[in-house]
$ cat query03.pdb   # PDB, C-alpha atoms
ATOM      1  CA  MET I   1     149.727 131.814 -61.650
ATOM      2  CA  ILE I   2     146.345 133.472 -61.002
ATOM      3  CA  LEU I   3     147.333 136.551 -62.980
ATOM      4  CA  ARG I   4     148.526 134.384 -65.891
ATOM      5  CA  ASN I   5     145.239 132.403 -65.951
ATOM      6  CA  TRP I   6     143.216 135.630 -65.806
ATOM      7  CA  ALA I   7     145.185 137.055 -68.754
ATOM      8  CA  VAL I   8     144.695 133.855 -70.785
ATOM      9  CA  MET I   9     140.935 133.958 -70.138
ATOM     10  CA  LYS I  10     140.726 137.588 -71.244
ATOM     11  CA  ILE I  11     142.847 137.211 -74.407
ATOM     12  CA  LEU I  12     141.951 133.841 -75.952
ATOM     13  CA  PRO I  13     138.627 133.158 -77.677
ATOM     14  CA  TYR I  14     136.175 130.689 -76.162
ATOM     15  CA  THR I  15     136.794 127.958 -78.741
ATOM     16  CA  ILE I  16     140.494 127.764 -77.868
ATOM     17  CA  LEU I  17     139.794 127.930 -74.120
ATOM     18  CA  GLU I  18     137.300 125.080 -74.522
ATOM     19  CA  LYS I  19     139.928 122.878 -76.197
ATOM     20  CA  LEU I  20     142.554 123.751 -73.584
ATOM     21  CA  PHE I  21     140.548 123.410 -70.373
ATOM     22  CA  LEU I  22     137.389 121.348 -70.951
ATOM     23  CA  ALA I  23     137.419 117.571 -71.252
ATOM     24  CA  LYS I  24     134.819 115.674 -73.264
ATOM     25  CA  SER I  25     132.738 113.367 -71.152
ATOM     26  CA  ASN I  26     130.068 110.770 -71.857
ATOM     27  CA  ILE I  27     126.829 111.786 -70.126
ATOM     28  CA  HIS I  28     126.266 108.205 -69.012
ATOM     29  CA  ASN I  29     129.625 107.885 -67.205
ATOM     30  CA  THR I  30     129.604 107.886 -63.418
ATOM     31  CA  ALA I  31     130.138 111.386 -62.036
ATOM     32  CA  ALA I  32     129.763 110.591 -58.331
ATOM     33  CA  ILE I  33     128.836 107.804 -55.971
ATOM     34  CA  LEU I  34     126.232 108.519 -53.306
ATOM     35  CA  PHE I  35     126.188 106.141 -50.353
ATOM     36  CA  SER I  36     122.826 105.323 -48.788
ATOM     37  CA  SER I  37     122.379 105.127 -45.042
ATOM     38  CA  GLY I  38     121.262 101.519 -45.140
ATOM     39  CA  SER I  39     117.909 102.216 -43.481
ATOM     40  CA  GLU I  40     116.370  99.337 -45.464
ATOM     41  CA  GLY I  41     119.284  96.963 -44.979
ATOM     42  CA  VAL I  42     122.938  97.090 -45.968
ATOM     43  CA  PRO I  43     124.264 100.493 -47.104
ATOM     44  CA  LYS I  44     124.696 100.731 -50.872
ATOM     45  CA  GLY I  45     126.598 102.899 -53.303
ATOM     46  CA  ILE I  46     124.374 104.619 -55.861
ATOM     47  CA  MET I  47     126.149 105.685 -59.045
ATOM     48  CA  LEU I  48     125.062 109.096 -60.345
ATOM     49  CA  SER I  49     125.810 109.996 -63.951
ATOM     50  CA  HIS I  50     126.463 113.410 -65.439
ATOM     51  CA  LYS I  51     122.976 113.194 -66.949
ATOM     52  CA  ASN I  52     121.508 112.732 -63.436
ATOM     53  CA  PHE I  53     123.270 115.877 -62.222
ATOM     54  CA  MET I  54     122.108 117.940 -65.197
ATOM     55  CA  ALA I  55     118.514 116.754 -64.716
ATOM     56  CA  ASN I  56     118.651 117.695 -61.025
ATOM     57  CA  ILE I  57     120.039 121.141 -61.836
ATOM     58  CA  LYS I  58     117.272 121.706 -64.406
ATOM     59  CA  GLN I  59     114.595 120.627 -61.923
ATOM     60  CA  PHE I  60     116.012 122.945 -59.262
ATOM     61  CA  THR I  61     116.153 125.948 -61.604
ATOM     62  CA  ASN I  62     112.575 125.241 -62.722
ATOM     63  CA  LEU I  63     111.533 125.229 -59.069
ATOM     64  CA  LEU I  64     113.112 128.659 -58.503
ATOM     65  CA  ASN I  65     111.621 130.164 -61.667
ATOM     66  CA  PHE I  66     108.457 131.678 -60.243
ATOM     67  CA  LYS I  67     106.086 132.986 -62.922
TER      68      LYS I  67
END

$ encode --input "query03.pdb" --output "structure tokens"
Amino acid sequence: MILRNWAVMKILPYTILEKLFLAKSNIHNTAAILFSSGSEGVPKGIMLSHKNFMANIKQFTNLLNFK
């Protein structure tokens, strides 16, 4: 199975691999739910979107990019 997947990745062009393995997603859809500790009352579930994750990744990479 691993050998087959490796061979497919090496042989097929990116555009075909993208259609086979990547799913389209709306950036505003919920990607994860983070539960708060409830320090200010009842614990709550906070919905994080794909856009939230991408913004956090960008902020983190900007932090590590020392100039």

$ residues_around --input "query03.pdb" --residues "Phe21 (chain I)" --least-positions-apart "6" --cutoff "12 Å" --atoms "only C-alpha atoms" --output "ChimeraX atom specification"
/I:5,8-9,12,14-15

$ write_last_selection --input "query03.pdb" --atoms "C-alpha atoms" --output "PDB file, keeping the file's coordinate frame"
ATOM      1  CA  ASN I   5     145.239 132.403 -65.951  1.00  0.00           C
ATOM      2  CA  VAL I   8     144.695 133.855 -70.785  1.00  0.00           C
ATOM      3  CA  MET I   9     140.935 133.958 -70.138  1.00  0.00           C
ATOM      4  CA  LEU I  12     141.951 133.841 -75.952  1.00  0.00           C
ATOM      5  CA  TYR I  14     136.175 130.689 -76.162  1.00  0.00           C
ATOM      6  CA  THR I  15     136.794 127.958 -78.741  1.00  0.00           C
TER       7      THR I  15
END

$ axis_aligned_box --input "query03.pdb" --around "region 43-52 of chain I" --padding-each-side "3 Å" --output "lines of an AutoDock Vina configuration file"
center_x = 124.1
center_y = 107.0
center_z = -57.0
size_x = 11.1
size_y = 18.9
size_z = 25.8

$ residues_around --input "query03.pdb" --residues "region 54-63 of chain I" --least-positions-apart "5" --cutoff "12 Å" --atoms "only C-alpha atoms" --output "list in words"
Ile27, His28, Ala31, Leu48 and Ser49 of chain I

$ write_last_selection --input "query03.pdb" --atoms "C-alpha atoms" --output "compact mmCIF listing (two decimals), in the frame of the given file"
# COMPACT_ATOMS: atom_id res chain seq x y z
CA ILE I 27 126.83 111.79 -70.13
CA HIS I 28 126.27 108.20 -69.01
CA ALA I 31 130.14 111.39 -62.04
CA LEU I 48 125.06 109.10 -60.34
CA SER I 49 125.81 110.00 -63.95

$ resolve_selection --input "query03.pdb" --expression "the PyMOL selection byres ((chain I and resi 30) around 12)" --output "list of chain:residue names"
I:Ser25, I:Asn26, I:Ile27, I:His28, I:Asn29, I:Ala31, I:Ala32, I:Ile33, I:Leu34, I:Gly45, I:Ile46, I:Met47, I:Leu48, I:Ser49, I:His50, I:Lys51, I:Asn52, I:Phe53

$ write_last_selection --input "query03.pdb" --atoms "C-alpha atoms" --output "short mmCIF file (atom, residue, chain, number, x, y, z; two decimals), in the frame of the given file"
data_model
loop_
_atom_site.label_atom_id
_atom_site.label_comp_id
_atom_site.auth_asym_id
_atom_site.auth_seq_id
_atom_site.Cartn_x
_atom_site.Cartn_y
_atom_site.Cartn_z
CA SER I 25 132.74 113.37 -71.15
CA ASN I 26 130.07 110.77 -71.86
CA ILE I 27 126.83 111.79 -70.13
CA HIS I 28 126.27 108.20 -69.01
CA ASN I 29 129.62 107.88 -67.20
CA ALA I 31 130.14 111.39 -62.04
CA ALA I 32 129.76 110.59 -58.33
CA ILE I 33 128.84 107.80 -55.97
CA LEU I 34 126.23 108.52 -53.31
CA GLY I 45 126.60 102.90 -53.30
CA ILE I 46 124.37 104.62 -55.86
CA MET I 47 126.15 105.68 -59.04
CA LEU I 48 125.06 109.10 -60.34
CA SER I 49 125.81 110.00 -63.95
CA HIS I 50 126.46 113.41 -65.44
CA LYS I 51 122.98 113.19 -66.95
CA ASN I 52 121.51 112.73 -63.44
CA PHE I 53 123.27 115.88 -62.22
#

$ atom_distance --input "query03.pdb" --atom1 "CA of Lys24 (chain I)" --atom2 "CA of Lys44 (chain I)"
28.8 Å
